[in-house]
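Novice: The file below is final_25.tsv, TSV, C-alpha atoms:
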chain	number	residue	atom	x	y	z
A	71	MET	CA	-34.95	-151.40	45.23
A	72	PRO	CA	-36.63	-152.68	42.04
A	73	ILE	CA	-36.30	-156.41	42.57
A	74	ILE	CA	-39.27	-157.64	40.60
A	75	ALA	CA	-38.89	-156.21	37.09
A	76	ALA	CA	-36.16	-158.75	36.30
A	77	THR	CA	-38.57	-161.71	36.17
A	78	LYS	CA	-41.16	-161.01	33.51
A	79	PRO	CA	-43.92	-163.43	32.61
A	80	PRO	CA	-44.58	-164.20	28.92
A	81	GLY	CA	-47.07	-161.93	27.12
A	82	ARG	CA	-47.13	-158.73	25.10
A	83	PRO	CA	-44.29	-156.37	26.12
A	84	ARG	CA	-46.72	-153.62	27.17
A	85	CYS	CA	-48.66	-156.00	29.39
A	86	GLN	CA	-45.46	-157.37	30.86
A	87	GLU	CA	-44.31	-153.90	31.79
A	88	THR	CA	-47.61	-153.01	33.42
A	89	ARG	CA	-47.69	-156.28	35.36
A	90	ALA	CA	-44.12	-155.81	36.51
A	91	ALA	CA	-44.85	-152.21	37.57
A	92	ILE	CA	-47.91	-153.33	39.54
A	93	LEU	CA	-46.04	-156.18	41.23
A	94	GLN	CA	-43.15	-153.88	42.08
A	95	ALA	CA	-45.50	-151.24	43.52
A	96	ALA	CA	-47.31	-153.98	45.48
A	97	TYR	CA	-44.08	-155.32	46.94
A	98	ASP	CA	-42.81	-151.85	47.84
A	99	LEU	CA	-46.06	-151.12	49.68
A	100	LEU	CA	-45.97	-154.49	51.39
A	101	GLU	CA	-42.40	-154.05	52.52
A	102	SER	CA	-42.93	-150.56	53.87
A	103	GLY	CA	-46.29	-151.02	55.62
A	104	GLY	CA	-47.00	-154.75	55.83
A	105	LEU	CA	-50.41	-156.21	55.02
A	106	ALA	CA	-52.23	-153.69	57.24
A	107	ALA	CA	-51.63	-150.75	54.88
A	108	PHE	CA	-51.96	-152.79	51.70
A	109	THR	CA	-54.87	-151.87	49.39
A	110	ILE	CA	-55.51	-152.27	45.66
A	111	GLU	CA	-56.13	-148.48	45.53
A	112	ALA	CA	-52.69	-147.72	46.90
A	113	VAL	CA	-51.04	-150.18	44.50
A	114	ALA	CA	-52.87	-148.67	41.52
A	115	GLU	CA	-51.87	-145.16	42.54
A	116	ARG	CA	-48.23	-146.08	43.11
A	117	SER	CA	-47.87	-148.07	39.88
A	118	GLY	CA	-49.80	-145.63	37.70
A	119	ALA	CA	-52.10	-148.45	36.52
A	120	ALA	CA	-55.89	-148.21	36.53
A	121	LYS	CA	-57.64	-150.00	39.41
A	122	THR	CA	-59.67	-151.98	36.86
A	123	THR	CA	-56.42	-153.22	35.32
A	124	VAL	CA	-55.18	-154.44	38.69
A	125	TYR	CA	-58.48	-156.20	39.42
A	126	ARG	CA	-58.43	-157.85	35.98
A	127	TRP	CA	-55.25	-159.74	36.91
A	128	TRP	CA	-55.69	-160.16	40.68
A	129	PRO	CA	-59.17	-160.74	42.05
A	130	THR	CA	-58.23	-159.95	45.66
A	131	LYS	CA	-55.63	-157.83	47.40
A	132	GLY	CA	-54.35	-160.98	49.14
A	133	ALA	CA	-53.60	-162.65	45.80
A	134	LEU	CA	-51.73	-159.56	44.59
A	135	ALA	CA	-49.80	-159.13	47.84
A	136	MET	CA	-48.72	-162.77	47.89
A	137	GLU	CA	-47.77	-162.89	44.21
A	138	SER	CA	-45.61	-159.81	44.69
A	139	PHE	CA	-44.01	-161.47	47.72
A	140	LEU	CA	-43.45	-164.68	45.77
A	141	ARG	CA	-41.83	-162.79	42.89
A	142	ALA	CA	-39.55	-160.90	45.28
A	143	SER	CA	-38.60	-164.20	46.97
A	144	GLU	CA	-37.73	-165.70	43.59
A	145	VAL	CA	-35.17	-162.93	43.19
A	146	LEU	CA	-33.90	-162.80	46.80
A	147	SER	CA	-33.70	-166.56	47.36
A	148	PRO	CA	-34.02	-168.45	44.07
A	149	PHE	CA	-33.68	-172.20	43.59
A	150	PRO	CA	-30.54	-172.55	41.46
A	151	GLU	CA	-30.23	-175.30	38.86
A	152	THR	CA	-26.71	-176.65	38.51
A	153	ALA	CA	-25.37	-180.18	38.03
A	154	SER	CA	-25.57	-180.73	41.80
A	155	PRO	CA	-29.06	-180.32	43.30
A	156	LEU	CA	-27.52	-180.84	46.75
A	157	ALA	CA	-25.22	-177.88	46.21
A	158	ASP	CA	-28.24	-175.97	44.85
A	159	LEU	CA	-30.18	-176.71	48.01
A	160	ARG	CA	-27.34	-175.43	50.16
A	161	VAL	CA	-27.19	-172.19	48.17
A	162	GLN	CA	-30.99	-171.86	48.34
A	163	LEU	CA	-31.04	-172.25	52.11
A	164	ARG	CA	-28.20	-169.79	52.62
A	165	LEU	CA	-30.00	-167.20	50.47
A	166	PHE	CA	-33.26	-167.88	52.28
A	167	ALA	CA	-31.49	-167.41	55.63
A	168	LYS	CA	-30.07	-164.11	54.40
A	169	ALA	CA	-33.48	-162.93	53.17
A	170	LEU	CA	-35.12	-163.85	56.49
A	171	GLY	CA	-32.59	-161.70	58.33
A	172	GLY	CA	-33.75	-158.61	56.41
A	173	ARG	CA	-37.01	-156.74	55.83
A	174	SER	CA	-38.50	-159.61	53.90
A	175	GLY	CA	-38.15	-161.78	57.04
A	176	ARG	CA	-40.07	-159.33	59.19
A	177	LEU	CA	-42.67	-159.09	56.46
A	178	LEU	CA	-42.99	-162.87	56.31
A	179	ALA	CA	-43.46	-163.09	60.09
A	180	GLY	CA	-46.22	-160.49	59.83
A	181	ILE	CA	-47.92	-162.41	57.03
A	182	VAL	CA	-47.81	-165.65	59.04
A	183	ALA	CA	-49.35	-163.83	62.02
A	184	GLU	CA	-52.08	-162.27	59.88
A	185	ALA	CA	-52.75	-165.67	58.29
A	186	GLN	CA	-53.71	-167.00	61.75
A	187	LEU	CA	-56.30	-164.25	62.18
A	188	ASP	CA	-57.72	-164.04	58.64
A	189	PRO	CA	-58.61	-167.15	56.59
A	190	ALA	CA	-58.52	-165.22	53.28
A	191	THR	CA	-54.92	-164.15	53.95
A	192	ARG	CA	-54.08	-167.72	54.89
A	193	ASP	CA	-55.56	-169.10	51.66
A	194	ALA	CA	-53.78	-166.50	49.52
A	195	PHE	CA	-50.51	-167.18	51.36
A	196	ILE	CA	-50.76	-170.94	50.84
A	197	GLN	CA	-51.91	-170.80	47.22
A	198	SER	CA	-49.75	-167.93	45.95
A	199	TYR	CA	-46.61	-168.31	48.05
A	200	VAL	CA	-46.20	-171.58	49.99
A	201	LEU	CA	-47.30	-174.01	47.25
A	202	PRO	CA	-45.29	-172.45	44.38
A	203	ARG	CA	-42.17	-172.38	46.57
A	204	ARG	CA	-42.78	-176.03	47.50
A	205	GLN	CA	-43.12	-176.90	43.83
A	206	ALA	CA	-39.68	-175.40	43.23
A	207	ALA	CA	-38.23	-177.31	46.20
A	208	ARG	CA	-39.84	-180.52	44.99
A	209	ARG	CA	-38.32	-180.11	41.51
A	210	LEU	CA	-34.91	-179.65	43.12
A	211	LEU	CA	-35.38	-182.79	45.23
A	212	GLU	CA	-36.54	-184.84	42.28
A	213	ARG	CA	-33.47	-183.80	40.30
A	214	GLY	CA	-31.34	-184.81	43.29
A	215	ILE	CA	-32.99	-188.21	43.53
A	216	ALA	CA	-32.56	-188.79	39.80
A	217	LEU	CA	-28.88	-187.91	40.08
A	218	GLY	CA	-28.31	-190.16	43.12
A	219	GLU	CA	-27.65	-187.38	45.63
A	220	PHE	CA	-30.80	-187.92	47.71
A	221	ARG	CA	-32.38	-191.17	48.84
A	222	PRO	CA	-35.12	-192.23	46.46
A	223	ASP	CA	-37.66	-192.94	49.21
A	224	LEU	CA	-37.62	-189.48	50.79
A	225	ASP	CA	-40.94	-187.76	51.36
A	226	PRO	CA	-40.64	-184.26	49.85
A	227	ASP	CA	-43.47	-182.83	51.96
A	228	SER	CA	-42.02	-183.93	55.28
A	229	LEU	CA	-38.63	-182.70	54.15
A	230	CYS	CA	-39.95	-179.26	53.19
A	231	ASP	CA	-41.72	-179.03	56.54
A	232	ALA	CA	-38.62	-179.99	58.53
A	233	LEU	CA	-36.16	-177.94	56.50
A	234	TYR	CA	-38.15	-174.75	56.08
A	235	GLY	CA	-40.03	-175.22	59.37
A	236	ALA	CA	-36.69	-174.91	61.16
A	237	PHE	CA	-36.17	-171.49	59.58
A	238	TYR	CA	-39.72	-170.35	60.26
A	239	MET	CA	-39.33	-171.39	63.89
A	240	ARG	CA	-36.24	-169.24	64.24
A	241	LEU	CA	-37.93	-166.39	62.40
A	242	LEU	CA	-41.08	-166.50	64.53
A	243	PHE	CA	-39.50	-167.17	67.93
A	244	GLY	CA	-36.13	-165.44	67.52
A	245	HIS	CA	-34.45	-167.86	69.95
A	246	ALA	CA	-31.49	-168.56	67.63
A	247	PRO	CA	-29.77	-166.74	64.76
A	248	ILE	CA	-30.68	-167.28	61.10
A	249	ASP	CA	-27.49	-167.08	59.07
A	250	GLU	CA	-25.33	-169.15	56.74
A	251	ALA	CA	-24.00	-171.26	59.61
A	252	ALA	CA	-27.57	-171.99	60.75
A	253	ALA	CA	-28.57	-172.93	57.19
A	254	ASP	CA	-25.61	-175.29	56.91
A	255	GLY	CA	-26.28	-176.79	60.36
A	256	ILE	CA	-29.91	-177.52	59.53
A	257	LEU	CA	-29.11	-178.97	56.11
A	258	ASP	CA	-26.30	-181.18	57.44
A	259	LEU	CA	-28.58	-182.48	60.17
A	260	LEU	CA	-31.25	-183.33	57.61
A	261	LEU	CA	-28.72	-184.85	55.23
A	262	HIS	CA	-27.17	-187.33	57.61
A	263	GLY	CA	-29.96	-187.89	60.12
A	264	ILE	CA	-29.78	-188.21	63.87
A	265	ALA	CA	-29.68	-191.98	64.32
A	266	ALA	CA	-26.36	-193.34	65.55
A	267	PRO	CA	-24.23	-194.39	62.55
A	268	ASP	CA	-24.65	-197.90	61.26
A	269	PRO	CA	-22.05	-200.08	63.05
A	270	ARG	CA	-21.14	-201.64	59.68
A	271	LEU	CA	-19.54	-198.29	58.78
A	272	LYS	CA	-17.25	-198.21	61.80
B	1157	MET	CA	-61.24	-180.68	82.00
B	1158	PRO	CA	-58.88	-180.24	84.97
B	1159	ILE	CA	-55.59	-181.15	83.38
B	1160	ILE	CA	-53.23	-179.12	85.51
B	1161	ALA	CA	-53.86	-180.18	89.12
B	1162	ALA	CA	-51.94	-183.44	88.56
B	1163	THR	CA	-48.53	-181.77	88.35
B	1164	LYS	CA	-47.95	-179.89	91.57
B	1165	PRO	CA	-44.76	-178.01	92.37
B	1166	PRO	CA	-43.06	-178.51	95.74
B	1167	GLY	CA	-44.16	-176.24	98.62
B	1168	ARG	CA	-46.70	-176.14	101.42
B	1169	PRO	CA	-49.87	-178.09	100.50
B	1170	ARG	CA	-52.09	-174.99	100.82
B	1171	CYS	CA	-49.84	-173.00	98.48
B	1172	GLN	CA	-49.71	-175.88	96.02
B	1173	GLU	CA	-53.48	-176.06	95.88
B	1174	THR	CA	-53.84	-172.34	95.33
B	1175	ARG	CA	-51.17	-172.35	92.62
B	1176	ALA	CA	-52.78	-175.32	90.90
B	1177	ALA	CA	-56.21	-173.64	91.06
B	1178	ILE	CA	-54.81	-170.43	89.57
B	1179	LEU	CA	-52.99	-172.27	86.78
B	1180	GLN	CA	-56.08	-174.32	86.00
B	1181	ALA	CA	-58.28	-171.20	85.90
B	1182	ALA	CA	-55.68	-169.50	83.71
B	1183	TYR	CA	-55.57	-172.39	81.26
B	1184	ASP	CA	-59.37	-172.66	81.12
B	1185	LEU	CA	-59.62	-168.95	80.30
B	1186	LEU	CA	-56.85	-169.20	77.74
B	1187	GLU	CA	-58.44	-172.19	76.04
B	1188	SER	CA	-61.87	-170.62	75.86
B	1189	GLY	CA	-60.96	-167.08	74.82
B	1190	GLY	CA	-57.32	-167.05	73.73
B	1191	LEU	CA	-54.89	-164.35	74.81
B	1192	ALA	CA	-57.28	-161.54	73.86
B	1193	ALA	CA	-59.69	-162.18	76.74
B	1194	PHE	CA	-56.98	-163.16	79.22
B	1195	THR	CA	-56.59	-160.88	82.26
B	1196	ILE	CA	-55.21	-161.38	85.78
B	1197	GLU	CA	-58.57	-160.10	87.10
B	1198	ALA	CA	-60.49	-162.82	85.27
B	1199	VAL	CA	-58.07	-165.51	86.48
B	1200	ALA	CA	-58.36	-164.32	90.09
B	1201	GLU	CA	-62.14	-164.30	89.89
B	1202	ARG	CA	-62.34	-167.75	88.31
B	1203	SER	CA	-59.86	-169.37	90.71
B	1204	GLY	CA	-61.17	-167.67	93.85
B	1205	ALA	CA	-57.67	-166.38	94.67
B	1206	ALA	CA	-56.93	-162.75	95.54
B	1207	LYS	CA	-55.44	-160.66	92.73
B	1208	THR	CA	-52.47	-159.81	95.00
B	1209	THR	CA	-51.79	-163.54	95.40
B	1210	VAL	CA	-51.72	-164.02	91.64
B	1211	TYR	CA	-49.39	-161.05	91.17
B	1212	ARG	CA	-47.08	-162.35	93.92
B	1213	TRP	CA	-46.33	-165.47	91.84
B	1214	TRP	CA	-46.66	-164.09	88.30
B	1215	PRO	CA	-45.50	-160.55	87.59
B	1216	THR	CA	-47.30	-160.30	84.23
B	1217	LYS	CA	-50.34	-161.86	82.62
B	1218	GLY	CA	-48.09	-163.19	79.85
B	1219	ALA	CA	-45.97	-165.14	82.34
B	1220	LEU	CA	-49.09	-166.63	83.94
B	1221	ALA	CA	-50.71	-167.48	80.60
B	1222	MET	CA	-47.57	-169.18	79.30
B	1223	GLU	CA	-46.90	-171.12	82.50
B	1224	SER	CA	-50.46	-172.43	82.44
B	1225	PHE	CA	-49.98	-173.41	78.79
B	1226	LEU	CA	-46.67	-175.10	79.61
B	1227	ARG	CA	-48.23	-177.07	82.47
B	1228	ALA	CA	-51.13	-178.17	80.26
B	1229	SER	CA	-48.65	-179.24	77.56
B	1230	GLU	CA	-46.71	-181.28	80.11
B	1231	VAL	CA	-49.89	-183.26	80.71
B	1232	LEU	CA	-51.13	-183.44	77.08
B	1233	SER	CA	-47.78	-184.20	75.44
B	1234	PRO	CA	-45.21	-185.17	78.07
B	1235	PHE	CA	-41.65	-186.35	77.41
B	1236	PRO	CA	-41.67	-189.98	78.62
B	1237	GLU	CA	-38.60	-191.52	80.22
B	1238	THR	CA	-38.16	-195.18	79.42
B	1239	ALA	CA	-35.09	-197.27	78.59
B	1240	SER	CA	-35.34	-196.14	74.94
B	1241	PRO	CA	-35.15	-192.36	74.43
B	1242	LEU	CA	-35.81	-192.94	70.72
B	1243	ALA	CA	-39.09	-194.70	71.54
B	1244	ASP	CA	-39.80	-191.87	74.01
B	1245	LEU	CA	-39.29	-189.30	71.26
B	1246	ARG	CA	-41.70	-191.14	68.98
B	1247	VAL	CA	-44.35	-191.19	71.72
B	1248	GLN	CA	-43.72	-187.51	72.48
B	1249	LEU	CA	-44.16	-186.49	68.86
B	1250	ARG	CA	-47.34	-188.54	68.45
B	1251	LEU	CA	-48.82	-186.95	71.57
B	1252	PHE	CA	-47.74	-183.50	70.38
B	1253	ALA	CA	-49.38	-184.15	67.00
B	1254	LYS	CA	-52.57	-185.19	68.77
B	1255	ALA	CA	-52.53	-182.08	70.98
B	1256	LEU	CA	-51.98	-179.80	67.99
B	1257	GLY	CA	-55.06	-181.26	66.31
B	1258	GLY	CA	-57.25	-180.10	69.23
B	1259	ARG	CA	-58.04	-176.84	71.01
B	1260	SER	CA	-54.53	-176.52	72.32
B	1261	GLY	CA	-53.27	-176.40	68.72
B	1262	ARG	CA	-55.54	-173.52	67.80
B	1263	LEU	CA	-54.51	-171.80	71.01
B	1264	LEU	CA	-50.83	-172.26	70.16
B	1265	ALA	CA	-51.33	-170.81	66.66
B	1266	GLY	CA	-53.00	-167.78	68.22
B	1267	ILE	CA	-50.13	-167.34	70.68
B	1268	VAL	CA	-47.56	-167.51	67.87
B	1269	ALA	CA	-49.53	-164.88	65.94
B	1270	GLU	CA	-49.82	-162.60	68.97
B	1271	ALA	CA	-46.10	-163.07	69.65
B	1272	GLN	CA	-45.36	-161.47	66.26
B	1273	LEU	CA	-47.37	-158.39	67.18
B	1274	ASP	CA	-46.43	-158.00	70.84
B	1275	PRO	CA	-42.83	-158.33	72.10
B	1276	ALA	CA	-43.94	-158.96	75.72
B	1277	THR	CA	-46.01	-161.95	74.60
B	1278	ARG	CA	-43.09	-163.17	72.54
B	1279	ASP	CA	-40.69	-162.94	75.49
B	1280	ALA	CA	-43.11	-164.72	77.83
B	1281	PHE	CA	-43.75	-167.41	75.21
B	1282	ILE	CA	-40.02	-168.04	74.70
B	1283	GLN	CA	-39.06	-167.93	78.38
B	1284	SER	CA	-42.03	-169.76	79.90
B	1285	TYR	CA	-42.95	-172.20	77.13
B	1286	VAL	CA	-40.41	-172.69	74.34
B	1287	LEU	CA	-37.24	-172.89	76.45
B	1288	PRO	CA	-38.59	-175.26	79.14
B	1289	ARG	CA	-39.94	-177.59	76.41
B	1290	ARG	CA	-36.56	-177.45	74.67
B	1291	GLN	CA	-34.85	-178.31	77.94
B	1292	ALA	CA	-37.01	-181.43	78.18
B	1293	ALA	CA	-36.25	-182.35	74.54
B	1294	ARG	CA	-32.55	-181.78	75.13
B	1295	ARG	CA	-32.55	-184.10	78.17
B	1296	LEU	CA	-34.23	-186.78	76.06
B	1297	LEU	CA	-31.63	-186.37	73.30
B	1298	GLU	CA	-28.74	-186.49	75.75
B	1299	ARG	CA	-30.09	-189.72	77.23
B	1300	GLY	CA	-30.36	-191.09	73.68
B	1301	ILE	CA	-26.77	-190.12	72.86
B	1302	ALA	CA	-25.52	-191.68	76.11
B	1303	LEU	CA	-27.36	-194.91	75.27
B	1304	GLY	CA	-26.06	-195.01	71.68
B	1305	GLU	CA	-29.40	-194.41	69.96
B	1306	PHE	CA	-28.55	-190.98	68.56
B	1307	ARG	CA	-25.33	-189.81	66.95
B	1308	PRO	CA	-23.09	-188.08	69.49
B	1309	ASP	CA	-22.37	-185.07	67.27
B	1310	LEU	CA	-25.98	-184.02	66.74
B	1311	ASP	CA	-26.85	-180.40	67.42
B	1312	PRO	CA	-29.89	-180.42	69.72
B	1313	ASP	CA	-30.96	-176.89	68.77
B	1314	SER	CA	-31.03	-177.54	65.03
B	1315	LEU	CA	-32.82	-180.81	65.70
B	1316	CYS	CA	-35.51	-179.17	67.84
B	1317	ASP	CA	-35.99	-176.53	65.15
B	1318	ALA	CA	-36.32	-179.08	62.35
B	1319	LEU	CA	-38.46	-181.56	64.29
B	1320	TYR	CA	-40.86	-179.18	66.00
B	1321	GLY	CA	-40.63	-176.60	63.21
B	1322	ALA	CA	-42.19	-179.18	60.88
B	1323	PHE	CA	-45.19	-179.44	63.20
B	1324	TYR	CA	-45.49	-175.69	63.66
B	1325	MET	CA	-45.41	-175.25	59.89
B	1326	ARG	CA	-48.33	-177.64	59.47
B	1327	LEU	CA	-50.16	-176.01	62.37
B	1328	LEU	CA	-49.69	-172.48	61.03
B	1329	PHE	CA	-50.23	-173.16	57.33
B	1330	GLY	CA	-52.63	-176.10	57.43
B	1331	HIS	CA	-51.31	-177.47	54.13
B	1332	ALA	CA	-50.92	-181.03	55.45
B	1333	PRO	CA	-52.45	-183.09	58.27
B	1334	ILE	CA	-50.92	-183.36	61.75
B	1335	ASP	CA	-51.48	-186.89	63.01
B	1336	GLU	CA	-49.58	-189.98	64.12
B	1337	ALA	CA	-48.57	-190.84	60.57
B	1338	ALA	CA	-47.22	-187.31	60.09
B	1339	ALA	CA	-45.29	-187.53	63.37
B	1340	ASP	CA	-43.76	-190.87	62.34
B	1341	GLY	CA	-42.94	-189.56	58.84
B	1342	ILE	CA	-41.13	-186.52	60.19
B	1343	LEU	CA	-39.22	-188.50	62.83
B	1344	ASP	CA	-38.16	-191.20	60.35
B	1345	LEU	CA	-36.94	-188.56	57.93
B	1346	LEU	CA	-34.90	-186.91	60.67
B	1347	LEU	CA	-33.60	-190.25	61.92
B	1348	HIS	CA	-32.20	-191.52	58.66
B	1349	GLY	CA	-31.50	-188.33	56.77
B	1350	ILE	CA	-32.06	-187.51	53.13
B	1351	ALA	CA	-28.63	-188.21	51.66
B	1352	ALA	CA	-28.47	-191.25	49.39
B	1353	PRO	CA	-27.38	-194.30	51.46
B	1354	ASP	CA	-23.68	-194.92	51.80
B	1355	PRO	CA	-22.68	-197.30	48.95
B	1356	ARG	CA	-20.71	-199.36	51.47
B	1357	LEU	CA	-24.06	-200.50	52.89
B	1358	LYS	CA	-25.33	-201.83	49.56
For the file at hand, write its structure as structure tokens.
Specialist:
Amino acid sequence: MPIIAATKPPGRPRCQETRAAILQAAYDLLESGGLAAFTIEAVAERSGAAKTTVYRWWPTKGALAMESFLRASEVLSPFPETASPLADLRVQLRLFAKALGGRSGRLLAGIVAEAQLDPATRDAFIQSYVLPRRQAARRLLERGIALGEFRPDLDPDSLCDALYGAFYMRLLFGHAPIDEAAADGILDLLLHGIAAPDPRLK
Amino acid sequence: MPIIAATKPPGRPRCQETRAAILQAAYDLLESGGLAAFTIEAVAERSGAAKTTVYRWWPTKGALAMESFLRASEVLSPFPETASPLADLRVQLRLFAKALGGRSGRLLAGIVAEAQLDPATRDAFIQSYVLPRRQAARRLLERGIALGEFRPDLDPDSLCDALYGAFYMRLLFGHAPIDEAAADGILDLLLHGIAAPDPRLK
């Protein structure tokens, strides 16, 4: 399924097409064989691009693998931008839950495992996947604070850890389902907190 | 450091000592070499127990490894029981943060990685570590609900995922520190939620 070509970076049309073809080939390889079978050679062969072209844009196979995974995630579970960032967050989490239930979830679990064994994979994963996704989440939260939907003193980093950590935990341990109901349950918990309600509201 | 002998299960004193010695030897091996170097043979040799004795109590090396890790965790980051379950939770999370910063954190990251590659490790990890720890967390939460510190409608599973998932995320990705301040930040976020405060409280 060509899920990457839709999001093209700026640049000359020819370059854009080549980049998109390389990223698509990279993601296809990643999805079918995980990181173990992933090589720049295989990506070049599959995309029809020269190896030197691939290396010009991505210095390491980790950087290419993670950018292709990021681009696929931006299509599978985007961060919407409507007038309600809270509603956007709910949609985002539901889409993320859906993505985790499919091949991209198994791929992500494999990447997290590999990142524990190989520091280069870990660095590429953080730099080219985790941090850009966090930037998107942070922008959503800042819009929500500005619009009065989220409390102004919330710590975006702790929130991202708690919110997305809950999904990763379910993905990695498999002790509970990851679906829309789970996404809603986790968001509602985070929204309203666990402390007993203020007695002034009773 | 003998950190297991302190928590003995019921049974005849001789059996208790042998069990404690086996669990301690298992944890020492696990901490020094991870799951890769962990074998029932090595545990038997180190503890002085017969291999048949070890197999009588633990059918697989995964079950033994995870029980030894659970017992060590019960000593390093116990769930206290005082008159304030909320204060207990804060202490628990601070101790857990401290444990994750040490050797037991690196060990846990390795176990999570191995669990993605090997279903038997994953099953043993869930059954002999994750679920017993969740039981302890659930008891704490239920005490807190009964005493009016936590909201009665909270979903303990989602809470455990969000709370501990945040720590696992930091452990696995290393993008942010895991310390007392982090533990307090995550707990306070979960306590009060991220929704803008109710205007009736202004």
Novice: Name all residues at most 9 Å from Ala207 (chain A) (count only C-alpha atoms; drop same-chain ones fewer than 2 positions away) and give them as a PyMOL selection string.
Specialist: chain A and resi 149+159+202-205+209-212+226+230
Novice: Please determine the contact residues of chain B with respect to chain A at a cut-off of 6 Å, counting all atoms listed in the file, and supply them as a PyMOL selection string.
Specialist: chain B and resi 1269+1305-1307+1314+1317-1319+1321-1322+1325+1342+1346-1352
Novice: To one decimal place, how far is CA of Leu100 (chain A) from CA of Arg116 (chain A) in Å?
Specialist: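 If I compute the distance from CA of Leu100 (chain A) to CA of Arg116 (chain A), I get 12.0 Å.
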Novice: If I take CA of Arg208 (chain A) and CA of Ala169 (chain A), how far is one from the other in Å, to one decimal?
Specialist: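 Atom-to-atom, CA of Arg208 (chain A) to CA of Ala169 (chain A), that is 20.4 Å.
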Novice: One decimal, Å: what's the distance from CA of Ser1224 (chain B) over to CA of Leu1249 (chain B), could you say?
Specialist: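 So the answer is 20.5 Å.
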Novice: Give me, as number ranges by chain, all polymer residues having an atom no more than 12 Å from Glu1201 (chain B), counting all atoms listed in the file and skipping those fewer than 6 positions away in the same chain.
Specialist: B: 1177-1178, 1181-1182, 1185, 1194-1195, 1207-1210
Novice: Fewer than 6 positions away in the same chain doesn't count, so skip those; otherwise give me all residues within 8 Å of Ala1280 (chain B), counting all atoms listed in the file, as an MDAnalysis selection string.
Specialist: chainID B and resid 1218:1219 1222
Novice: Which of these residues is nearest to Gln1248 (chain B), using all atoms listed in the file: B:Leu1191, B:Leu1232, B:Ile1334, B:Cys1171?
Specialist: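 The answer is B:Leu1232, which sits nearest to Gln1248 (chain B).
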Novice: Mind giving me the axis-aligned box for region 170-175 of chain A with 6 Å on every side, centre plus edges in Å to one decimal, as AutoDock Vina command-line options?
Specialist:
--center_x -35.5 --center_y -160.3 --center_z 56.1 --size_x 17.9 --size_y 19.1 --size_z 16.4
Novice: Tell me which of A:Ala206, A:Ile110, A:Ala190, A:Ser174 sits closest to Ala142 (chain A), counting only C-alpha atoms.
Specialist: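 Of the candidates, the smallest distance to Ala142 (chain A) is held by A:Ser174.
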